[in-house]
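A.B. asks: First, the structure itself, so that you have it in front of you.
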Amino acid sequence: MDVNKMIEKAKVWLQPPFDKSTQQEIQELITANSNDLSDRFYKDMEFGTGGMRGIMGVGTNRINKYTLGRATQGLANYLKKSFPAKELKVAIAYDCRHNSDTFAKVVADVFSANNIKVFLFEDLRPTPELSFAVRHLNCDAGIVLTASHNPPEYNGYKVYWNDGGQIVPPEDAAIINEVNRLDFNDINFNANQQLIEHVGKEIDKAFIDACVKNGTFNTSNKGELKIVFTSLHGTSIVSIPDALKKAGFSNVHIVKEQEKPDGDFPTVTSPNPEEPEALKMAIDLADKIDADIVIGTDPDCDRLGIAVRDLNGQMKLLNGNQTMSVMTNYLIKQWYQEGKLNGKQFVGSTIVSTNLVSDIAKSYNVETKIGLTGFKWIAKMIRDFEHQEFIGGGEESFGYMVGDFVRDKDAVTATLLACEIAIDAKNNSSSFYRELLNIYEKHSFYKEHLISIVKKGADGASAIKQMMVDLRKNPIQEIDGSKVDYLFDYQNSTKQHVRTGKSETIDIPTSNVLIYQTEDGTRVAARPSGTEPKIKFYFSVNLPLDGIPNAVTVEKLLDQKIERIIKELKLS
C-alpha cells in the first residue's frame with residue numbers, strides 16, 4: 001500500500017467512533033513516522049484457517065476492540081439474515097491471554113446490542129468446551145477469544161457455527177463479506193445486559209462427563225499409571241485434572257510452576273507442546289518421580305503434547321502424527337472388539353498428516369476421509385456425512401478429536417484417551433511407545449518433520465507468495481534420488497502424474513498447498529500458514545520395520561533421509 005494512502009487510512013482512527021486513548025496512540029505513531037504504522041494498517045485483519053488471529057494493539061491489522069467489534073457486528077448481521085425468524089443465541093468463551101476477558105465482554109456487548117442472547121462463560125475455559133457448549137445450549141454460533149500457542153502479544157477470535165465446528169464454506173466467505181461491508185461507525189456497542197447470561201459450572205459438569213464417556217473404556221488399574229501434567233499456564237488446569245480424577249486416574253502430578261494461568265507464559269519461550277522446550281519441566285519431574293507419561297497442553301487446551309518412555313526407559317516426546325496414529329489404532333480396535341464396525345464408520349485426517357492413519361484404518365476396513373489442514377474440515381466431514389459414524393480424527397499439529405460431541409481438536413478427551421492407552425498397555429506388559437512400534441512393524445515406520453520459515457510484515461507476505469509461485473513454475477523432479485510421481489496442487493485442485501503429464505481433479509476445497517510424492521513414498525508439502533506470518537514445509541518418509549529391535553536403526557536412517565532432503569531443497 002502507498003505510504004500516503006496508509007497514513008490516510010490511519011488518520012481515520014483519529015476521530016470517533018475510536019476512543020481518546022486510541023486516537024492519541026495513532027497520532028503518536030503518525031508524528032513519529034513509525035515503521036510500525038505500516039504493519040498496523042497495510043491490510044485488514046482477515047479470517048484464516050484458525051479464525052482471526054494477530055498482535056494486539058491499535059490499527060486495522062491488529063486485534064482490538066474495534067476489529068473484534070466489526071467482526072462481531074458482521075457475524076450478527078449474517079446470523080439475522082440466516083435465521084430471520086429465530087431467537088438467536090451465541091456462546092462466548094476465552095482463554096488466559098491478556099485482554100481475553102475484556103475482549104470477550106466487548107464481543108458479548110455487541111451481540112446483545114443486536115438483540116442476540118449471549119451465554120458468556122464466567123471465567124476462562126478450554127476451547128473444546130466452547131465447541132461442546134454451542135450444541136449443548138442449542139446456540140446458533142460460538143466465539144472463543146484465543147491465540148492458541150502464539151506468543152504473549154497475540155490474541156484471536158475463532159468463530160463456531162451451530163454444529164459446534166469452526167466456520168467453513170459457505171458461511172465463512174459470507175460472514176467475511178458482511179464484515180467487509182461495514183465501517184467502524186456501524187458497530188453497535190450499546191449492550192443490552194439483560195441478554196447476557198453468565199454460565200460455568202453446569203456446562204463444566206456436562207462437558208467433563210462427556211469427555212470421560214468418550215475417552216475411556218473401563219480399563220482397570222488406572223491408579224497405577226503415574227502421570228505428569230502441565231497446563232503451560234493455560235486454561236486446561238480448570239478441566240483436565242477434574243476429568244482425570246473422574247475417570248479414575250488418581251496418580252497425577254501437576255507441574256506447579258506452570259499451574260497458574262498467566263498470559264505472559266513466564267516459564268517457557270513458547271507455550272506450544274509441539275516444542276520440546278515447553279515440556280522440559282514436566283519431563284524433568286517425570287524423571288524425578290519415575291512417571292509413565294507426560295502430558296502438556298497449549299493455552300486454550302486444544303493441542304496436547306505427549307512424552308512416554310521408550311524401550312530404554314528414556315522419556316521421548318512423540319510428534320502429532322505418532323500420537324494420532326496410536327490413538328486412531330486404539331479407537332478402531334475398541335470399536336472392532338465391541339462388534340460395532342459394519343463398514344459405515346470413518347476417521348478423519350488432513351492432507352499434510354501421516355499416511356499411516358489411512359493404512360491403519362484400511363486394515364480394519366474403515367474409511368479415512370482427508371481434508372485440508374485445520375480441524376474445521378474434520379468437523380465438516382461429520383456434518384456432511386451424517387449417515388456414517390465418526391470414530392475419531394487428528395492432524396499432525398498435535399490435535400485429536402474423539403467422537404463427535406466436540407467438533408474441534410480436544411486436549412481434554414485426548415488426554416484421557418492417551419492415559420487409557422498407556423494403562424491398558426501397562427496392564428498387558430507393554431507400553432504406549434511399544435504399541436507405536438507394533439503399528440510400525442505391521443504397516444511401516446513413518447517419520448515426519450516440519451520446518452516453519454517466518455516472514456513478517458508486508459515484505460514477508462510477498463516473499464512467501466513468491467516461494468509458492470516458484471514451486472509451481474519450477475516443480476521439483478526428484479527428491480533424495482527418488483523421482484517425483486505425483487504433484488498435488490490444492491490451489492488448482494489437480495493431482496498430476498508427473499511422468500505422463502495426466503491430471504485428475506481433487507475433490508477438496510481449494511487451498512494454497514503443494515504436495516510432492518515420490519516413487520518411494522516420500523512426501524514434501526509446502527503451505528503458507530493461514531494465521532501466522534510463516535510458510536511451512538512438511539516432510540514424510542517411511543521404511544519397513546522388520547522387528548522392533550531394529551527400530552532405532554530404521555529411525556536413524558529416516559532422520560538422515562529427512563536431513564538430506566532439507567539440505568537438497570536449500571531449506572536449512
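If you're wondering about the labels, chains in the C-alpha cells are A, B, ... by order shown, residues count from 1 in each chain, ligands from 1 in order shown.
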Might you pull out every residue within 12 Å of Glu202 (chain A), with only C-alpha atoms counted and same-chain residues fewer than 4 positions away left off, and present them as a tab-separated table (two decimals) with N, CA, C and O atoms, in the first residue's frame?
C.D. replies:
```tsv
chain	number	residue	atom	x	y	z
A	121	PHE	N	-19.12	-17.37	29.34
A	121	PHE	CA	-18.51	-18.11	30.43
A	121	PHE	C	-17.99	-17.16	31.49
A	121	PHE	O	-17.42	-16.11	31.19
A	122	GLU	N	-18.17	-17.55	32.74
A	122	GLU	CA	-17.85	-16.69	33.88
A	122	GLU	C	-16.35	-16.49	34.06
A	122	GLU	O	-15.91	-15.53	34.69
A	129	GLU	N	-14.46	-26.91	25.22
A	129	GLU	CA	-15.69	-26.75	25.99
A	129	GLU	C	-16.62	-25.75	25.31
A	129	GLU	O	-17.86	-25.90	25.39
A	133	ALA	N	-20.33	-26.48	24.19
A	133	ALA	CA	-21.40	-25.64	24.71
A	133	ALA	C	-22.32	-25.14	23.61
A	133	ALA	O	-23.53	-24.95	23.83
A	136	HIS	N	-24.67	-27.95	23.19
A	136	HIS	CA	-25.35	-28.23	24.46
A	136	HIS	C	-26.41	-27.16	24.76
A	136	HIS	O	-27.48	-27.47	25.32
A	137	LEU	N	-26.12	-25.93	24.41
A	137	LEU	CA	-27.04	-24.81	24.68
A	137	LEU	C	-27.89	-24.45	23.46
A	137	LEU	O	-28.61	-23.45	23.48
A	198	HIS	N	-24.27	-15.28	32.33
A	198	HIS	CA	-23.00	-15.93	32.65
A	198	HIS	C	-23.24	-17.41	32.95
A	198	HIS	O	-24.18	-17.76	33.66
A	206	ALA	N	-21.33	-31.18	32.50
A	206	ALA	CA	-21.80	-31.89	31.32
A	206	ALA	C	-20.64	-32.19	30.37
A	206	ALA	O	-20.56	-33.29	29.80
A	207	PHE	N	-19.74	-31.22	30.22
A	207	PHE	CA	-18.59	-31.39	29.32
A	207	PHE	C	-17.66	-32.49	29.82
A	207	PHE	O	-17.28	-33.40	29.06
A	208	ILE	N	-17.30	-32.44	31.09
A	208	ILE	CA	-16.37	-33.44	31.63
A	208	ILE	C	-17.00	-34.83	31.62
A	208	ILE	O	-16.34	-35.83	31.30
A	209	ASP	N	-18.29	-34.92	31.92
A	209	ASP	CA	-18.98	-36.22	31.84
A	209	ASP	C	-18.88	-36.79	30.43
A	209	ASP	O	-18.63	-37.99	30.25
```
A.B. asks: Taking 2 positions as the minimum chain separation for residues in the same chain, which residues sit within 6 Å of region 406-411 of chain A when counting only C-alpha atoms? Answer as a list in words.
C.D. replies: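 Residues meeting the cut-off are Pro128, Ser131, Phe132, Gly164, Gly165, Cys301, Asp302, Arg303, Leu304, Phe375, Ala379, Gly399, Tyr400, Met401, Asp404, Thr413, Ala414 and Thr415 of chain A.
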A.B. asks: Those same residues, written as a PDB file, in the first residue's frame with N, CA, C and O atoms?
C.D. replies:
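Written output follows (again-v3.pdb):
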```pdb
ATOM      1  N   PRO A 128     -12.267 -26.528  23.517  1.00  0.00           N
ATOM      2  CA  PRO A 128     -13.217 -27.612  23.229  1.00  0.00           C
ATOM      3  C   PRO A 128     -14.509 -27.524  24.035  1.00  0.00           C
ATOM      4  O   PRO A 128     -15.553 -27.981  23.566  1.00  0.00           O
ATOM      5  N   SER A 131     -16.840 -25.388  22.020  1.00  0.00           N
ATOM      6  CA  SER A 131     -17.431 -26.169  20.929  1.00  0.00           C
ATOM      7  C   SER A 131     -18.574 -27.038  21.455  1.00  0.00           C
ATOM      8  O   SER A 131     -19.648 -27.115  20.845  1.00  0.00           O
ATOM      9  N   PHE A 132     -18.343 -27.676  22.597  1.00  0.00           N
ATOM     10  CA  PHE A 132     -19.373 -28.503  23.228  1.00  0.00           C
ATOM     11  C   PHE A 132     -20.580 -27.657  23.627  1.00  0.00           C
ATOM     12  O   PHE A 132     -21.733 -28.041  23.409  1.00  0.00           O
ATOM     13  N   GLY A 164     -21.175 -26.755  16.191  1.00  0.00           N
ATOM     14  CA  GLY A 164     -20.045 -26.824  17.115  1.00  0.00           C
ATOM     15  C   GLY A 164     -18.696 -26.814  16.429  1.00  0.00           C
ATOM     16  O   GLY A 164     -17.661 -26.809  17.095  1.00  0.00           O
ATOM     17  N   GLY A 165     -18.687 -26.823  15.096  1.00  0.00           N
ATOM     18  CA  GLY A 165     -17.434 -26.759  14.358  1.00  0.00           C
ATOM     19  C   GLY A 165     -17.121 -25.333  13.935  1.00  0.00           C
ATOM     20  O   GLY A 165     -18.012 -24.473  13.876  1.00  0.00           O
ATOM     21  N   CYS A 301      -6.065 -25.220  25.319  1.00  0.00           N
ATOM     22  CA  CYS A 301      -6.379 -26.625  25.608  1.00  0.00           C
ATOM     23  C   CYS A 301      -7.016 -27.353  24.423  1.00  0.00           C
ATOM     24  O   CYS A 301      -7.906 -28.171  24.612  1.00  0.00           O
ATOM     25  N   ASP A 302      -6.555 -27.076  23.221  1.00  0.00           N
ATOM     26  CA  ASP A 302      -6.996 -27.924  22.118  1.00  0.00           C
ATOM     27  C   ASP A 302      -5.876 -28.833  21.610  1.00  0.00           C
ATOM     28  O   ASP A 302      -6.135 -29.905  21.084  1.00  0.00           O
ATOM     29  N   ARG A 303      -4.618 -28.451  21.815  1.00  0.00           N
ATOM     30  CA  ARG A 303      -3.494 -29.302  21.433  1.00  0.00           C
ATOM     31  C   ARG A 303      -2.874 -29.959  22.667  1.00  0.00           C
ATOM     32  O   ARG A 303      -2.897 -29.384  23.749  1.00  0.00           O
ATOM     33  N   LEU A 304      -2.303 -31.139  22.456  1.00  0.00           N
ATOM     34  CA  LEU A 304      -1.573 -31.759  23.549  1.00  0.00           C
ATOM     35  C   LEU A 304      -0.288 -32.403  23.031  1.00  0.00           C
ATOM     36  O   LEU A 304      -0.232 -32.921  21.922  1.00  0.00           O
ATOM     37  N   PHE A 375      -8.918 -28.322  11.882  1.00  0.00           N
ATOM     38  CA  PHE A 375      -9.958 -29.228  12.372  1.00  0.00           C
ATOM     39  C   PHE A 375     -11.356 -28.847  11.908  1.00  0.00           C
ATOM     40  O   PHE A 375     -12.286 -29.641  11.997  1.00  0.00           O
ATOM     41  N   ALA A 379     -14.496 -31.416  11.260  1.00  0.00           N
ATOM     42  CA  ALA A 379     -15.859 -31.178  11.759  1.00  0.00           C
ATOM     43  C   ALA A 379     -16.849 -31.147  10.599  1.00  0.00           C
ATOM     44  O   ALA A 379     -17.982 -31.658  10.716  1.00  0.00           O
ATOM     45  N   GLY A 399      -3.135 -32.318  17.486  1.00  0.00           N
ATOM     46  CA  GLY A 399      -4.542 -32.216  17.829  1.00  0.00           C
ATOM     47  C   GLY A 399      -5.274 -33.519  17.550  1.00  0.00           C
ATOM     48  O   GLY A 399      -4.964 -34.215  16.574  1.00  0.00           O
ATOM     49  N   TYR A 400      -6.250 -33.834  18.403  1.00  0.00           N
ATOM     50  CA  TYR A 400      -7.055 -35.036  18.185  1.00  0.00           C
ATOM     51  C   TYR A 400      -8.470 -34.814  18.703  1.00  0.00           C
ATOM     52  O   TYR A 400      -8.693 -34.056  19.659  1.00  0.00           O
ATOM     53  N   MET A 401      -9.425 -35.471  18.057  1.00  0.00           N
ATOM     54  CA  MET A 401     -10.827 -35.376  18.429  1.00  0.00           C
ATOM     55  C   MET A 401     -11.402 -36.784  18.521  1.00  0.00           C
ATOM     56  O   MET A 401     -11.273 -37.578  17.585  1.00  0.00           O
ATOM     57  N   ASP A 404     -17.879 -37.301  18.192  1.00  0.00           N
ATOM     58  CA  ASP A 404     -18.368 -36.054  17.589  1.00  0.00           C
ATOM     59  C   ASP A 404     -19.063 -35.121  18.570  1.00  0.00           C
ATOM     60  O   ASP A 404     -19.695 -34.155  18.171  1.00  0.00           O
ATOM     61  N   THR A 413     -10.372 -34.647  26.212  1.00  0.00           N
ATOM     62  CA  THR A 413     -10.701 -36.044  25.912  1.00  0.00           C
ATOM     63  C   THR A 413      -9.483 -36.796  25.401  1.00  0.00           C
ATOM     64  O   THR A 413      -9.290 -37.977  25.727  1.00  0.00           O
ATOM     65  N   ALA A 414      -8.645 -36.134  24.612  1.00  0.00           N
ATOM     66  CA  ALA A 414      -7.446 -36.793  24.097  1.00  0.00           C
ATOM     67  C   ALA A 414      -6.486 -37.156  25.226  1.00  0.00           C
ATOM     68  O   ALA A 414      -5.804 -38.195  25.161  1.00  0.00           O
ATOM     69  N   THR A 415      -6.425 -36.341  26.268  1.00  0.00           N
ATOM     70  CA  THR A 415      -5.608 -36.673  27.435  1.00  0.00           C
ATOM     71  C   THR A 415      -6.116 -37.951  28.100  1.00  0.00           C
ATOM     72  O   THR A 415      -5.326 -38.839  28.444  1.00  0.00           O
TER      73      THR A 415
END
```
A.B. asks: I'd like a table as JSON lines: residues in region 266-297 of chain A with an atom no more than 8 Å from region 217-241 of chain A, each row giving the shortest atom pair and its distance in Å to one decimal, only C-alpha atoms counted, sorted by chain and rising residue number.
C.D. replies:
```
{"residue": "A:Val268", "atom": "CA", "partner": "A:Leu232", "partner_atom": "CA", "distance": 7.8}
{"residue": "A:Pro271", "atom": "CA", "partner": "A:Leu232", "partner_atom": "CA", "distance": 6.0}
{"residue": "A:Ala278", "atom": "CA", "partner": "A:Leu232", "partner_atom": "CA", "distance": 7.5}
{"residue": "A:Leu279", "atom": "CA", "partner": "A:Thr230", "partner_atom": "CA", "distance": 7.8}
{"residue": "A:Ala282", "atom": "CA", "partner": "A:Val228", "partner_atom": "CA", "distance": 6.4}
{"residue": "A:Ile283", "atom": "CA", "partner": "A:Val228", "partner_atom": "CA", "distance": 7.9}
{"residue": "A:Leu285", "atom": "CA", "partner": "A:Val228", "partner_atom": "CA", "distance": 7.3}
{"residue": "A:Ala286", "atom": "CA", "partner": "A:Val228", "partner_atom": "CA", "distance": 6.1}
{"residue": "A:Asp290", "atom": "CA", "partner": "A:Lys226", "partner_atom": "CA", "distance": 7.8}
{"residue": "A:Ala291", "atom": "CA", "partner": "A:Lys226", "partner_atom": "CA", "distance": 4.8}
{"residue": "A:Asp292", "atom": "CA", "partner": "A:Lys226", "partner_atom": "CA", "distance": 5.3}
{"residue": "A:Ile293", "atom": "CA", "partner": "A:Ile227", "partner_atom": "CA", "distance": 5.2}
{"residue": "A:Val294", "atom": "CA", "partner": "A:Val228", "partner_atom": "CA", "distance": 4.7}
{"residue": "A:Ile295", "atom": "CA", "partner": "A:Phe229", "partner_atom": "CA", "distance": 4.9}
{"residue": "A:Gly296", "atom": "CA", "partner": "A:Thr230", "partner_atom": "CA", "distance": 4.7}
{"residue": "A:Thr297", "atom": "CA", "partner": "A:Ser231", "partner_atom": "CA", "distance": 5.3}
```
A.B. asks: May I have the residues within 8 Å of region 322-339 of chain A as a ChimeraX atom specification, using only C-alpha atoms and disregarding those fewer than 4 positions away in the same chain?
C.D. replies: /A:306,318,347,356-357,360-361,364,391-396,398-400,417-418,421,435-436,439
A.B. asks: Output N, CA, C and O atoms for every residue in the selection just made, as a CSV table (one decimal), in the first residue's frame.
C.D. replies:
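Ended up saving to out.csv:
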```csv
chain,number,residue,atom,x,y,z
A,306,ILE,N,2.6,-35.3,24.1
A,306,ILE,CA,2.8,-36.5,24.9
A,306,ILE,C,4.2,-37.0,24.9
A,306,ILE,O,4.8,-37.1,23.8
A,318,LEU,N,6.6,-37.6,21.7
A,318,LEU,CA,6.1,-38.0,20.4
A,318,LEU,C,5.6,-36.8,19.6
A,318,LEU,O,5.2,-35.8,20.1
A,347,VAL,N,-12.7,-42.4,9.8
A,347,VAL,CA,-11.8,-41.5,10.6
A,347,VAL,C,-11.4,-40.3,9.8
A,347,VAL,O,-11.5,-40.4,8.5
A,356,LEU,N,0.1,-43.0,7.5
A,356,LEU,CA,0.0,-44.2,8.4
A,356,LEU,C,-1.4,-44.4,8.9
A,356,LEU,O,-1.9,-45.5,9.0
A,357,VAL,N,-2.1,-43.3,9.2
A,357,VAL,CA,-3.5,-43.4,9.7
A,357,VAL,C,-4.4,-44.1,8.7
A,357,VAL,O,-5.2,-44.9,9.0
A,360,ILE,N,-3.7,-47.8,8.8
A,360,ILE,CA,-4.3,-48.4,9.9
A,360,ILE,C,-5.8,-48.6,9.7
A,360,ILE,O,-6.3,-49.7,9.9
A,361,ALA,N,-6.5,-47.6,9.3
A,361,ALA,CA,-7.9,-47.7,9.1
A,361,ALA,C,-8.3,-48.7,8.0
A,361,ALA,O,-9.2,-49.5,8.2
A,364,TYR,N,-8.7,-52.3,9.0
A,364,TYR,CA,-9.9,-52.7,9.7
A,364,TYR,C,-11.1,-52.4,8.8
A,364,TYR,O,-12.3,-52.5,9.2
A,391,ILE,N,-15.4,-42.0,14.1
A,391,ILE,CA,-14.7,-42.7,15.2
A,391,ILE,C,-13.8,-41.7,15.9
A,391,ILE,O,-13.8,-41.5,17.1
A,392,GLY,N,-13.0,-41.0,15.1
A,392,GLY,CA,-12.0,-40.1,15.7
A,392,GLY,C,-11.2,-39.5,14.5
A,392,GLY,O,-11.3,-39.9,13.4
A,393,GLY,N,-10.5,-38.4,14.9
A,393,GLY,CA,-9.7,-37.8,13.8
A,393,GLY,C,-8.6,-36.9,14.4
A,393,GLY,O,-8.7,-36.5,15.5
A,394,GLY,N,-7.5,-36.7,13.6
A,394,GLY,CA,-6.4,-35.9,14.1
A,394,GLY,C,-5.7,-35.3,13.0
A,394,GLY,O,-5.9,-35.5,11.8
A,395,GLU,N,-4.7,-34.4,13.4
A,395,GLU,CA,-3.8,-33.8,12.4
A,395,GLU,C,-2.4,-33.7,13.0
A,395,GLU,O,-2.2,-33.9,14.2
A,396,GLU,N,-1.4,-33.5,12.2
A,396,GLU,CA,0.0,-33.5,12.6
A,396,GLU,C,0.3,-32.5,13.7
A,396,GLU,O,1.2,-32.7,14.5
A,398,PHE,N,-0.5,-31.8,16.6
A,398,PHE,CA,-0.7,-32.2,18.0
A,398,PHE,C,-2.2,-32.0,18.4
A,398,PHE,O,-2.5,-31.6,19.5
A,399,GLY,N,-3.1,-32.3,17.5
A,399,GLY,CA,-4.5,-32.2,17.8
A,399,GLY,C,-5.3,-33.5,17.5
A,399,GLY,O,-5.0,-34.2,16.6
A,400,TYR,N,-6.2,-33.8,18.4
A,400,TYR,CA,-7.1,-35.0,18.2
A,400,TYR,C,-8.5,-34.8,18.7
A,400,TYR,O,-8.7,-34.1,19.7
A,417,LEU,N,-7.8,-40.3,26.7
A,417,LEU,CA,-7.6,-41.4,25.8
A,417,LEU,C,-6.1,-41.9,25.8
A,417,LEU,O,-5.8,-43.1,25.9
A,418,ALA,N,-5.2,-40.9,25.9
A,418,ALA,CA,-3.8,-41.2,26.0
A,418,ALA,C,-3.5,-42.0,27.2
A,418,ALA,O,-2.7,-43.0,27.2
A,421,ILE,N,-4.8,-45.6,26.9
A,421,ILE,CA,-4.0,-46.4,26.1
A,421,ILE,C,-2.7,-46.8,26.9
A,421,ILE,O,-2.3,-48.0,26.9
A,435,GLU,N,3.4,-49.9,21.7
A,435,GLU,CA,2.3,-50.0,20.9
A,435,GLU,C,2.5,-49.3,19.5
A,435,GLU,O,2.0,-49.7,18.5
A,436,LEU,N,3.2,-48.1,19.6
A,436,LEU,CA,3.5,-47.4,18.4
A,436,LEU,C,4.4,-48.3,17.5
A,436,LEU,O,4.2,-48.4,16.3
A,439,ILE,N,2.6,-50.9,15.6
A,439,ILE,CA,2.0,-50.4,14.4
A,439,ILE,C,3.0,-50.2,13.3
A,439,ILE,O,2.7,-50.6,12.1
```
A.B. asks: Using only C-alpha atoms, determine which residues lie at most 7 Å from region 449-466 of chain A, disregarding the query and same-chain residues fewer than 6 positions distant; provide the list as a ChimeraX atom specification.
C.D. replies: /A:39,528,533-540
A.B. asks: So how many Å separate CA of Ile378 (chain A) and CA of Tyr440 (chain A), to one decimal?
C.D. replies: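 Separation of CA of Ile378 (chain A) and CA of Tyr440 (chain A): 24.8 Å.
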A.B. asks: Could you tell me which of A:Val134, A:Ile203, A:Ala76, A:Val106 comes closest to Ala174 (chain A) if we count only C-alpha atoms?
C.D. replies: A:Ala76
A.B. asks: I'd like the interatomic distance between CA of Thr368 (chain A) and CA of Ser482 (chain A), to a tenth of an Å.
C.D. replies: 26.7 Å
A.B. asks: Find the residues around region 485-496 of chain A up to 6 Å (only C-alpha atoms counted), leave out those fewer than 4 positions away in its own chain, and share them as a PDB file with C-alpha atoms, in the first residue's frame.
C.D. replies:
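Final file, result-v1.pdb:
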```
ATOM      1  CA  LYS A 502      -2.003 -36.765 -16.960  1.00  0.00           C
ATOM      2  CA  SER A 503      -4.042 -34.827 -14.453  1.00  0.00           C
ATOM      3  CA  GLU A 504      -7.141 -35.526 -12.382  1.00  0.00           C
ATOM      4  CA  THR A 505      -9.339 -33.325 -10.228  1.00  0.00           C
ATOM      5  CA  ILE A 506      -9.008 -33.263  -6.428  1.00  0.00           C
ATOM      6  CA  THR A 510      -9.072 -25.066  -2.805  1.00  0.00           C
ATOM      7  CA  SER A 511      -6.114 -24.069  -0.653  1.00  0.00           C
ATOM      8  CA  ASN A 512      -2.626 -22.766  -1.370  1.00  0.00           C
ATOM      9  CA  VAL A 513      -0.853 -26.083  -0.743  1.00  0.00           C
ATOM     10  CA  LEU A 514       1.561 -28.107  -2.878  1.00  0.00           C
ATOM     11  CA  ILE A 515       2.489 -31.725  -2.126  1.00  0.00           C
ATOM     12  CA  TYR A 516       5.158 -33.712  -3.947  1.00  0.00           C
ATOM     13  CA  GLN A 517       5.017 -37.509  -3.680  1.00  0.00           C
ATOM     14  CA  THR A 518       7.881 -39.678  -4.926  1.00  0.00           C
ATOM     15  CA  GLU A 519       8.079 -43.257  -6.108  1.00  0.00           C
TER      16      GLU A 519
END
```
A.B. asks: As a ChimeraX atom specification, please: the residues near Asn177 (chain A) (cut-off 10 Å, only C-alpha atoms, same-chain neighbours under 4 positions excluded).
C.D. replies: /A:74-75,78,171-173,181-182
A.B. asks: With N, CA, C and O atoms retained, write the just-selected residues as a compact mmCIF listing (two decimals), in the first residue's frame.
C.D. replies:
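Now in result-v1.txt:
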```
# COMPACT_ATOMS: atom_id res chain seq x y z
N GLY A 74 -20.53 -7.90 11.96
CA GLY A 74 -20.74 -8.62 10.70
C GLY A 74 -21.36 -9.98 10.92
O GLY A 74 -22.27 -10.40 10.18
N LEU A 75 -20.87 -10.69 11.93
CA LEU A 75 -21.43 -12.01 12.24
C LEU A 75 -22.88 -11.88 12.71
O LEU A 75 -23.74 -12.68 12.31
N TYR A 78 -25.04 -11.38 9.75
CA TYR A 78 -25.19 -12.62 8.97
C TYR A 78 -26.15 -13.59 9.66
O TYR A 78 -26.97 -14.24 9.01
N GLU A 171 -20.44 -20.49 4.91
CA GLU A 171 -20.62 -19.49 5.97
C GLU A 171 -19.43 -18.55 6.09
O GLU A 171 -19.60 -17.34 6.30
N ASP A 172 -18.21 -19.09 5.99
CA ASP A 172 -17.03 -18.25 6.24
C ASP A 172 -16.94 -17.08 5.28
O ASP A 172 -16.80 -15.92 5.68
N ALA A 173 -17.07 -17.36 3.98
CA ALA A 173 -16.98 -16.29 2.98
C ALA A 173 -18.14 -15.30 3.14
O ALA A 173 -17.96 -14.08 2.98
N ARG A 181 -18.30 -5.21 4.48
CA ARG A 181 -19.25 -4.15 4.11
C ARG A 181 -19.31 -3.04 5.16
O ARG A 181 -19.80 -1.96 4.89
N LEU A 182 -18.83 -3.35 6.35
CA LEU A 182 -19.05 -2.46 7.48
C LEU A 182 -17.96 -1.41 7.65
O LEU A 182 -16.78 -1.67 7.42
```
A.B. asks: As a ChimeraX atom specification, please: every residue in region 340-526 of chain A that DSSP puts in strand (DSSP E or B).
C.D. replies: /A:345-350,367-371,389-395,399-402,445-454,478-479,482-489,494-497,503-505,514-518,523-526
A.B. asks: For Lys280 (chain A), which residue out of A:Gly305, A:Gly69, A:Gly348, A:Gly200 is the nearest one, using only C-alpha atoms?
C.D. replies: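 Among the listed residues, the smallest separation from Lys280 (chain A) belongs to A:Gly305.
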A.B. asks: Please report, as number ranges by chain, each residue of region 226-351 of chain A to which DSSP assigns alpha helix (DSSP H) when run on this structure's backbone.
C.D. replies: A: 240-247, 280-289, 320-337
A.B. asks: What gap, in Å, lies between CA of Asn321 (chain A) and CA of Ile370 (chain A)?
C.D. replies: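 So the answer is 14.2 Å.
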